[in-house]
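Have a look at target-v1.pdb below; it lists PDB, C-alpha atoms.
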```
ATOM      1  CA  MET A   1       0.000   0.000   0.000
ATOM      2  CA  THR A   2       2.849   2.418   0.868
ATOM      3  CA  ASP A   3       4.372   1.939  -2.589
ATOM      4  CA  LEU A   4       1.018   2.645  -4.213
ATOM      5  CA  VAL A   5       0.590   5.814  -2.146
ATOM      6  CA  THR A   6       4.098   6.989  -3.055
ATOM      7  CA  ALA A   7       3.506   6.312  -6.749
ATOM      8  CA  ALA A   8       0.095   8.003  -6.640
ATOM      9  CA  ARG A   9       1.597  11.072  -4.966
ATOM     10  CA  ASP A  10       4.143  11.193  -7.788
ATOM     11  CA  GLY A  11       1.270  11.513 -10.237
ATOM     12  CA  ASP A  12       0.742   7.869 -11.211
ATOM     13  CA  ARG A  13      -2.998   7.638 -11.922
ATOM     14  CA  GLU A  14      -2.891   3.849 -12.240
ATOM     15  CA  ALA A  15      -1.497   3.641  -8.716
ATOM     16  CA  PHE A  16      -4.315   5.800  -7.391
ATOM     17  CA  ASP A  17      -6.877   3.643  -9.204
ATOM     18  CA  GLU A  18      -5.347   0.599  -7.537
ATOM     19  CA  LEU A  19      -5.623   2.314  -4.134
ATOM     20  CA  VAL A  20      -9.301   2.873  -4.851
ATOM     21  CA  ARG A  21      -9.743  -0.804  -5.775
ATOM     22  CA  VAL A  22      -8.066  -1.924  -2.560
ATOM     23  CA  THR A  23      -9.862   0.465  -0.181
ATOM     24  CA  HIS A  24     -13.270   1.247  -1.686
ATOM     25  CA  ALA A  25     -15.253  -1.478   0.129
ATOM     26  CA  ASP A  26     -13.844  -0.355   3.463
ATOM     27  CA  THR A  27     -14.557   3.295   2.686
ATOM     28  CA  TYR A  28     -18.081   2.393   1.580
ATOM     29  CA  THR A  29     -18.625   0.492   4.839
ATOM     30  CA  LEU A  30     -17.791   3.598   6.863
ATOM     31  CA  ALA A  31     -19.907   5.828   4.608
ATOM     32  CA  TYR A  32     -22.852   3.452   4.944
ATOM     33  CA  ARG A  33     -22.482   3.314   8.718
ATOM     34  CA  LEU A  34     -22.421   7.103   8.935
ATOM     35  CA  THR A  35     -25.289   7.803   6.566
ATOM     36  CA  GLY A  36     -27.390   4.676   7.056
ATOM     37  CA  ASP A  37     -28.418   4.814   3.397
ATOM     38  CA  GLU A  38     -27.030   3.043   0.335
ATOM     39  CA  GLU A  39     -27.469   5.925  -2.104
ATOM     40  CA  ASP A  40     -26.037   8.491   0.298
ATOM     41  CA  ALA A  41     -23.103   6.195   1.006
ATOM     42  CA  ARG A  42     -22.351   5.909  -2.738
ATOM     43  CA  ASP A  43     -22.391   9.702  -3.135
ATOM     44  CA  VAL A  44     -20.179  10.160  -0.082
ATOM     45  CA  VAL A  45     -17.627   7.583  -1.286
ATOM     46  CA  GLN A  46     -17.382   9.121  -4.755
ATOM     47  CA  GLU A  47     -16.930  12.584  -3.301
ATOM     48  CA  ALA A  48     -14.367  11.278  -0.796
ATOM     49  CA  TYR A  49     -12.149   9.758  -3.518
ATOM     50  CA  LEU A  50     -12.351  12.905  -5.617
ATOM     51  CA  ARG A  51     -11.240  14.959  -2.630
ATOM     52  CA  ALA A  52      -8.500  12.463  -1.845
ATOM     53  CA  TYR A  53      -7.266  12.582  -5.440
ATOM     54  CA  ARG A  54      -7.179  16.378  -5.468
ATOM     55  CA  GLY A  55      -5.540  16.570  -2.051
ATOM     56  CA  LEU A  56      -3.080  13.727  -2.380
ATOM     57  CA  ASP A  57      -0.092  16.075  -2.269
ATOM     58  CA  ARG A  58      -1.304  17.198   1.174
ATOM     59  CA  PHE A  59      -1.234  13.628   2.501
ATOM     60  CA  ARG A  60       1.865  13.634   4.656
ATOM     61  CA  GLY A  61       2.199   9.891   4.868
ATOM     62  CA  ASP A  62       2.685   9.849   8.640
ATOM     63  CA  ALA A  63      -0.788   8.332   8.966
ATOM     64  CA  GLN A  64      -2.056   5.283   7.118
ATOM     65  CA  PHE A  65      -3.805   5.952   3.835
ATOM     66  CA  SER A  66      -6.916   4.171   5.145
ATOM     67  CA  THR A  67      -7.040   6.442   8.225
ATOM     68  CA  TRP A  68      -6.672   9.474   5.979
ATOM     69  CA  MET A  69      -9.553   8.151   3.858
ATOM     70  CA  TYR A  70     -11.675   7.647   6.987
ATOM     71  CA  ARG A  71     -11.183  11.289   7.897
ATOM     72  CA  ILE A  72     -12.112  12.487   4.426
ATOM     73  CA  THR A  73     -15.115  10.168   4.346
ATOM     74  CA  ALA A  74     -16.294  11.416   7.754
ATOM     75  CA  ASN A  75     -15.995  14.991   6.532
ATOM     76  CA  CYS A  76     -17.874  14.248   3.303
ATOM     77  CA  ALA A  77     -20.598  12.392   5.215
ATOM     78  CA  ALA A  78     -21.029  15.302   7.635
ATOM     79  CA  THR A  79     -21.324  17.724   4.710
ATOM     80  CA  HIS A  80     -23.713  15.404   2.891
ATOM     81  CA  LEU A  81     -25.952  14.882   5.917
ATOM     82  CA  GLY A  82     -25.892  18.601   6.677
ATOM     83  CA  ARG A  83     -26.947  19.399   3.122
ATOM     84  CA  ARG A  84     -29.657  16.752   3.223
ATOM     85  CA  SER A  85     -30.992  17.954   6.555
ATOM     86  CA  LYS A  86     -31.634  21.365   5.018
ATOM     87  CA  HIS A  87     -34.168  19.643   2.817
ATOM     88  CA  ARG A  88     -35.367  17.136   5.369
ATOM     89  CA  HIS A  89     -35.380  18.842   8.738
ATOM     90  CA  ASP A  90     -36.206  15.685  10.605
ATOM     91  CA  GLU A  91     -32.920  14.020   9.679
ATOM     92  CA  LEU A  92     -30.817  15.311  12.533
ATOM     93  CA  ASP A  93     -33.685  15.581  14.932
ATOM     94  CA  GLU A  94     -32.861  13.272  17.798
ATOM     95  CA  ALA A  95     -36.425  12.110  18.240
ATOM     96  CA  ALA A  96     -37.039  11.391  14.583
ATOM     97  CA  GLY A  97     -36.344   8.348  12.503
ATOM     98  CA  VAL A  98     -35.927   5.933  15.384
ATOM     99  CA  PRO A  99     -36.644   2.481  14.040
ATOM    100  CA  ASP A 100     -38.660  -0.127  15.862
ATOM    101  CA  LEU A 101     -36.419  -1.462  18.582
ATOM    102  CA  HIS A 102     -38.633  -4.369  19.489
ATOM    103  CA  PRO A 103     -37.179  -7.241  17.494
ATOM    104  CA  GLU A 104     -40.232  -9.374  18.026
ATOM    105  CA  HIS A 105     -42.132  -7.089  15.618
ATOM    106  CA  ASP A 106     -39.836  -7.796  12.688
ATOM    107  CA  PRO A 107     -38.386 -11.174  11.657
ATOM    108  CA  GLN A 108     -35.245  -9.552  10.276
ATOM    109  CA  LEU A 109     -34.637  -7.570  13.435
ATOM    110  CA  ARG A 110     -35.390 -10.673  15.477
ATOM    111  CA  ALA A 111     -32.665 -12.554  13.627
ATOM    112  CA  ASP A 112     -30.259  -9.653  14.125
ATOM    113  CA  ALA A 113     -31.022  -9.460  17.796
ATOM    114  CA  ASP A 114     -29.774 -12.993  18.373
ATOM    115  CA  ASP A 115     -26.362 -11.812  19.377
ATOM    116  CA  LEU A 116     -24.867  -8.710  20.915
ATOM    117  CA  ARG A 117     -23.376  -7.610  17.618
ATOM    118  CA  GLY A 118     -26.710  -7.877  15.912
ATOM    119  CA  ARG A 119     -28.387  -5.888  18.658
ATOM    120  CA  LEU A 120     -25.570  -3.376  18.511
ATOM    121  CA  ARG A 121     -26.197  -2.821  14.798
ATOM    122  CA  VAL A 122     -29.854  -2.198  15.497
ATOM    123  CA  ALA A 123     -28.994   0.180  18.338
ATOM    124  CA  LEU A 124     -26.486   2.041  16.155
ATOM    125  CA  ASP A 125     -29.068   2.481  13.418
ATOM    126  CA  ALA A 126     -31.407   3.922  16.002
ATOM    127  CA  LEU A 127     -28.944   6.623  17.063
ATOM    128  CA  PRO A 128     -29.379  10.122  15.663
ATOM    129  CA  PRO A 129     -26.759  10.643  12.890
ATOM    130  CA  ARG A 130     -24.779  13.211  14.862
ATOM    131  CA  LEU A 131     -24.302  10.828  17.796
ATOM    132  CA  ARG A 132     -23.787   7.808  15.557
ATOM    133  CA  ALA A 133     -20.977   9.502  13.632
ATOM    134  CA  VAL A 134     -18.965  10.276  16.757
ATOM    135  CA  VAL A 135     -19.287   6.867  18.384
ATOM    136  CA  ILE A 136     -18.503   4.997  15.156
ATOM    137  CA  LEU A 137     -15.446   7.092  14.380
ATOM    138  CA  ARG A 138     -14.145   6.736  17.923
ATOM    139  CA  ASP A 139     -15.101   3.227  18.990
ATOM    140  CA  VAL A 140     -15.027   1.376  15.671
ATOM    141  CA  TYR A 141     -12.380   3.287  13.703
ATOM    142  CA  ASP A 142     -10.334   4.494  16.657
ATOM    143  CA  LEU A 143      -9.951   8.073  15.410
ATOM    144  CA  PRO A 144      -8.693  10.534  18.051
ATOM    145  CA  HIS A 145     -11.184  13.011  19.557
ATOM    146  CA  GLU A 146      -9.320  15.871  17.906
ATOM    147  CA  ALA A 147      -9.632  14.370  14.418
ATOM    148  CA  ILE A 148     -13.301  13.572  14.914
ATOM    149  CA  ALA A 149     -14.023  17.123  16.041
ATOM    150  CA  ALA A 150     -12.093  18.561  13.087
ATOM    151  CA  GLU A 151     -13.841  16.436  10.463
ATOM    152  CA  LEU A 152     -17.320  16.941  11.873
ATOM    153  CA  GLY A 153     -16.777  20.676  12.323
ATOM    154  CA  ILE A 154     -17.446  20.707  16.071
ATOM    155  CA  SER A 155     -15.353  21.424  19.155
ATOM    156  CA  GLU A 156     -13.455  18.658  20.877
ATOM    157  CA  SER A 157     -15.546  19.024  24.020
ATOM    158  CA  ALA A 158     -18.756  18.785  21.958
ATOM    159  CA  ALA A 159     -17.378  15.609  20.371
ATOM    160  CA  LYS A 160     -16.714  14.131  23.820
ATOM    161  CA  VAL A 161     -20.183  15.006  25.072
ATOM    162  CA  ARG A 162     -21.774  13.439  21.982
ATOM    163  CA  LEU A 163     -19.622  10.353  22.445
ATOM    164  CA  HIS A 164     -20.759   9.985  26.031
ATOM    165  CA  ARG A 165     -24.414  10.396  25.093
ATOM    166  CA  ALA A 166     -24.060   7.894  22.267
ATOM    167  CA  ARG A 167     -22.390   5.284  24.478
ATOM    168  CA  ASN A 168     -25.050   5.810  27.120
ATOM    169  CA  LYS A 169     -27.827   5.272  24.618
ATOM    170  CA  LEU A 170     -26.162   2.158  23.218
ATOM    171  CA  ARG A 171     -25.665   0.705  26.671
ATOM    172  CA  ASP A 172     -29.248   1.517  27.649
ATOM    173  CA  GLN A 173     -30.540  -0.292  24.579
ATOM    174  CA  LEU A 174     -28.249  -3.281  24.866
ATOM    175  CA  PHE A 175     -28.653  -3.693  28.599
ATOM    176  CA  PRO A 176     -32.089  -2.358  29.447
ATOM    177  CA  ARG A 177     -32.701  -1.645  33.102
ATOM    178  CA  ARG A 178     -35.355  -3.411  35.057
ATOM    179  CA  ASP A 179     -38.424  -1.369  36.059
ATOM    180  CA  GLY A 180     -37.807   1.019  38.908
ATOM    181  CA  GLU A 181     -34.120   1.523  38.149
ATOM    182  CA  SER A 182     -33.237   4.993  37.010
ATOM    183  CA  ARG A 183     -30.215   6.050  35.063
ATOM    184  CA  ALA A 184     -28.618   9.380  34.344
ATOM    185  CA  VAL A 185     -28.198  10.447  30.707
TER     186      VAL A 185
ATOM    187  CA  MET B   1      -7.767  18.505  64.232
ATOM    188  CA  ARG B   2      -9.894  19.284  61.161
ATOM    189  CA  PRO B   3     -12.695  16.847  60.448
ATOM    190  CA  ARG B   4     -12.042  14.726  57.379
ATOM    191  CA  GLU B   5     -13.990  15.893  54.359
ATOM    192  CA  VAL B   6     -16.406  13.251  53.204
ATOM    193  CA  VAL B   7     -17.087  13.206  49.473
ATOM    194  CA  THR B   8     -20.500  11.788  48.738
ATOM    195  CA  LEU B   9     -20.730  10.559  45.193
ATOM    196  CA  GLN B  10     -23.846   9.523  43.384
ATOM    197  CA  CYS B  11     -23.692   6.875  40.655
ATOM    198  CA  GLU B  12     -24.877   9.509  38.151
ATOM    199  CA  ASP B  13     -21.816  11.679  38.919
ATOM    200  CA  LEU B  14     -19.549   8.921  37.679
ATOM    201  CA  SER B  15     -21.345   8.065  34.461
ATOM    202  CA  MET B  16     -18.897   9.808  32.098
ATOM    203  CA  SER B  17     -15.822   8.625  33.998
ATOM    204  CA  LEU B  18     -17.008   5.023  33.951
ATOM    205  CA  ALA B  19     -17.286   4.987  30.164
ATOM    206  CA  SER B  20     -13.773   6.458  29.810
ATOM    207  CA  THR B  21     -12.411   3.969  32.332
ATOM    208  CA  ALA B  22     -13.922   1.102  30.384
ATOM    209  CA  GLU B  23     -12.161   2.466  27.307
ATOM    210  CA  GLY B  24      -8.906   2.614  29.269
ATOM    211  CA  GLU B  25      -8.659   6.376  28.731
ATOM    212  CA  GLY B  26      -9.775   8.085  31.910
ATOM    213  CA  HIS B  27      -8.619   7.778  35.492
ATOM    214  CA  LEU B  28     -10.907   7.624  38.469
ATOM    215  CA  SER B  29     -10.144   9.817  41.437
ATOM    216  CA  ARG B  30      -9.577   8.181  44.794
ATOM    217  CA  ALA B  31     -13.130   8.979  45.913
ATOM    218  CA  GLU B  32     -14.566   7.658  42.651
ATOM    219  CA  ARG B  33     -12.563   4.453  42.932
ATOM    220  CA  ARG B  34     -13.779   3.939  46.481
ATOM    221  CA  HIS B  35     -17.361   4.437  45.328
ATOM    222  CA  VAL B  36     -17.019   1.932  42.489
ATOM    223  CA  GLU B  37     -15.399  -0.665  44.746
ATOM    224  CA  ARG B  38     -18.505  -0.587  46.946
ATOM    225  CA  CYS B  39     -21.179  -0.016  44.305
ATOM    226  CA  LEU B  40     -22.466  -3.015  42.398
ATOM    227  CA  ARG B  41     -24.446  -0.790  40.057
ATOM    228  CA  CYS B  42     -21.355   1.120  38.906
ATOM    229  CA  GLN B  43     -19.343  -2.091  38.606
ATOM    230  CA  ALA B  44     -22.079  -3.498  36.387
ATOM    231  CA  GLU B  45     -21.988  -0.312  34.282
ATOM    232  CA  VAL B  46     -18.246  -0.625  33.682
ATOM    233  CA  VAL B  47     -18.745  -4.224  32.573
ATOM    234  CA  GLN B  48     -21.562  -3.176  30.241
ATOM    235  CA  TYR B  49     -19.500  -0.359  28.730
ATOM    236  CA  ARG B  50     -16.653  -2.831  28.172
ATOM    237  CA  LYS B  51     -19.002  -5.224  26.389
ATOM    238  CA  VAL B  52     -20.336  -2.430  24.187
ATOM    239  CA  LEU B  53     -16.803  -1.296  23.324
ATOM    240  CA  ARG B  54     -15.666  -4.828  22.573
ATOM    241  CA  ALA B  55     -18.646  -5.373  20.289
ATOM    242  CA  MET B  56     -18.001  -2.002  18.590
ATOM    243  CA  ARG B  57     -14.396  -2.969  17.888
ATOM    244  CA  THR B  58     -15.443  -6.208  16.251
ATOM    245  CA  LEU B  59     -17.382  -4.144  13.699
ATOM    246  CA  ARG B  60     -14.043  -2.831  12.427
ATOM    247  CA  THR B  61     -13.341  -6.073  10.589
ATOM    248  CA  GLU B  62     -16.784  -6.210   8.994
ATOM    249  CA  VAL B  63     -17.085  -5.045   5.428
ATOM    250  CA  ILE B  64     -20.401  -4.082   3.886
ATOM    251  CA  GLU B  65     -20.093  -5.010   0.238
ATOM    252  CA  PRO B  66     -21.124  -2.130  -2.005
ATOM    253  CA  ALA B  67     -23.533  -2.751  -4.843
ATOM    254  CA  PRO B  68     -21.768  -3.644  -8.112
ATOM    255  CA  GLY B  69     -20.906  -0.639 -10.199
ATOM    256  CA  LEU B  70     -19.622   1.577  -7.412
ATOM    257  CA  LEU B  71     -15.964   0.961  -8.240
ATOM    258  CA  ALA B  72     -16.567   1.703 -11.918
ATOM    259  CA  ASP B  73     -18.427   4.903 -10.982
ATOM    260  CA  ILE B  74     -15.608   6.077  -8.706
ATOM    261  CA  LEU B  75     -12.972   5.413 -11.371
ATOM    262  CA  ALA B  76     -15.080   7.131 -14.048
ATOM    263  CA  GLY B  77     -15.495  10.148 -11.763
ATOM    264  CA  LEU B  78     -11.750  10.315 -11.231
ATOM    265  CA  GLU B  79     -11.110   9.986 -14.945
ATOM    266  CA  GLU B  80     -13.475  12.849 -15.654
ATOM    267  CA  ALA B  81     -11.918  14.995 -12.930
ATOM    268  CA  GLY B  82      -8.467  14.201 -14.336
ATOM    269  CA  GLU B  83      -9.527  15.232 -17.852
ATOM    270  CA  ARG B  84     -11.104  18.447 -16.603
ATOM    271  CA  HIS B  85      -7.910  19.218 -14.723
ATOM    272  CA  ALA B  86      -5.807  18.560 -17.838
ATOM    273  CA  VAL B  87      -8.013  20.821 -19.981
ATOM    274  CA  ARG B  88      -7.872  23.549 -17.336
ATOM    275  CA  SER B  89      -4.080  23.245 -17.132
ATOM    276  CA  ALA B  90      -3.767  23.443 -20.934
ATOM    277  CA  LEU B  91      -6.047  26.480 -21.066
ATOM    278  CA  SER B  92      -4.212  28.247 -18.271
ATOM    279  CA  GLY B  93      -0.907  27.397 -20.009
ATOM    280  CA  ARG B  94      -2.142  29.010 -23.236
ATOM    281  CA  ARG B  95      -3.460  31.972 -21.294
ATOM    282  CA  ILE B  96      -0.051  32.472 -19.685
ATOM    283  CA  ALA B  97       1.665  32.268 -23.112
ATOM    284  CA  TYR B  98      -0.826  34.782 -24.558
ATOM    285  CA  LEU B  99      -0.382  37.212 -21.665
ATOM    286  CA  GLY B 100       3.394  36.801 -21.852
ATOM    287  CA  GLY B 101       3.359  37.626 -25.572
ATOM    288  CA  LEU B 102       1.149  40.635 -24.959
ATOM    289  CA  ALA B 103       3.462  41.898 -22.219
ATOM    290  CA  ALA B 104       6.526  41.433 -24.452
ATOM    291  CA  ALA B 105       4.856  43.306 -27.327
ATOM    292  CA  THR B 106       3.866  46.159 -24.997
ATOM    293  CA  ALA B 107       7.398  46.382 -23.594
ATOM    294  CA  ALA B 108       8.894  46.395 -27.112
ATOM    295  CA  GLY B 109       6.457  49.117 -28.218
ATOM    296  CA  ALA B 110       7.294  51.255 -25.176
ATOM    297  CA  ALA B 111      11.057  50.845 -25.763
ATOM    298  CA  GLY B 112      10.631  51.806 -29.431
ATOM    299  CA  ALA B 113       8.681  54.906 -28.471
ATOM    300  CA  ILE B 114      11.403  55.975 -26.017
ATOM    301  CA  VAL B 115      14.159  55.489 -28.635
ATOM    302  CA  PHE B 116      12.130  57.416 -31.209
ATOM    303  CA  ALA B 117      11.459  60.272 -28.775
ATOM    304  CA  THR B 118      15.131  60.470 -27.787
ATOM    305  CA  ARG B 119      16.323  60.623 -31.432
ATOM    306  CA  THR B 120      13.769  63.277 -32.341
ATOM    307  CA  ARG B 121      14.925  65.432 -29.430
ATOM    308  CA  ARG B 122      18.622  65.078 -30.418
ATOM    309  CA  THR B 123      17.835  66.003 -34.034
ATOM    310  CA  ARG B 124      15.991  69.145 -32.871
ATOM    311  CA  LEU B 125      18.858  70.160 -30.579
ATOM    312  CA  ALA B 126      21.426  69.599 -33.353
ATOM    313  CA  GLY B 127      19.327  71.640 -35.786
TER     314      GLY B 127
END
```
Just dump the structure as structure tokens.
Amino acid sequence: MTDLVTAARDGDREAFDELVRVTHADTYTLAYRLTGDEEDARDVVQEAYLRAYRGLDRFRGDAQFSTWMYRITANCAATHLGRRSKHRHDELDEAAGVPDLHPEHDPQLRADADDLRGRLRVALDALPPRLRAVVILRDVYDLPHEAIAAELGISESAAKVRLHRARNKLRDQLFPRRDGESRAV
Amino acid sequence: MRPREVVTLQCEDLSMSLASTAEGEGHLSRAERRHVERCLRCQAEVVQYRKVLRAMRTLRTEVIEPAPGLLADILAGLEEAGERHAVRSALSGRRIAYLGGLAAATAAGAAGAIVFATRTRRTRLAG
């Protein structure tokens, strides 16, 4: 991969195409997790590679190419979701768009809920996009708080607060409390 | 002797610290540690956070396969962007050459005018 990055930075288009071939499924996975929609994820991935191609000379090489792509993808997804929310105000509304979290109502969800990972996927989908983005970038992709804040266009402390709220919500959904137990959010 | 200050912590006060501790990032203060050691509810929370984090990390290795055609679309988009860039570069190159030529012609014209003016003046003085 390092050789491909070096060649691509030297202007070798074939090398950049090969980088795309090697990384596009991974980049798409992140884009899909952030947007929760196939079409949006496609748009985000295409935009992310265009930005990467144009900004390749700014890639310092001290990070991995995949990490650099994650940051670009996160930035593109934030822009994309922001643009979309202007048209559909409910998108970033925390109360809106929460899917049915009772697996017994849906055979597919019931199958997913068989293991913790399956239930986690359902719980992640239920998170509002702004919370989902932070917790995925931090806990799945291991990006530092600073990078997450920079790519999402928020302060580091805001990123930490969102992360805490997201983790709380995930834990509440994966390990529901018995009646009578209260929990701080 | 001053009475020892007793810090009373509620489970809710520790919520954020517990998540960071589970991640291995944060450090609990002495009072917080003492609370957790005695509080089954907080101990359970740390365990739950750890389980959530572990499950989150396993998602890293999962790949959601994109629908066929995405790779071709990305490469076509790059190709198009590359061509646009090349055309823009060629146009800006021509523009630079044109402006350079114009500047050279202007400079030559100005120099000619100065030489002509100087000669005319000398001829008048000599006459």
Subject >> Within 10 Å of chain B: residues of chain A, using all atoms listed in the file, as a PyMOL selection string >> reply: chain A and resi 13+16-18+20-21+24-33+38-39+41-43+45-51+53-54+116-121+124+135-136+138-142+160-161+163-165+167-168+170-172+174-175+182-185
**OP:** May I ask for the distance between atom CA of Arg38 of chain B and atom CA of Gly24 of chain B, given in Å to one decimal place?
**Re:** 20.4 Å
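Across the structure, atom CA of Ala15 of chain A and atom CA of Leu56 of chain A are spaced 12.0 Å apart.
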Subject >> Distance in Å - atom CA of Cys39 of chain B versus atom CA of Thr8 of chain B >> reply: 12.6 Å
Original post:
Leaving out Arg9 of chain A and any residue of its chain fewer than 4 positions from it, which residues lie within 12 Å of it when counting all atoms listed in the file, given as a PyMOL selection string?
Top reply: chain A and resi 2-5+13-16+19+52-61+65
Original post:
Once the PyMOL selection byres ((chain A and resi 150-156) around 9) has been applied to the shown file, what residues remain in the selection, as a ChimeraX atom specification?
Top reply: /A:71-79,130,133-134,145-149,157-161
Adding 4 Å on each side of the box along x, y and z that holds all listed atoms of segment 114-125 of chain A, could you give its centre and edge lengths in Å to one decimal, as JSON?
```
{"center_x": -26.6, "center_y": -5.3, "center_z": 17.2, "size_x": 14.5, "size_y": 23.5, "size_z": 15.5}
```
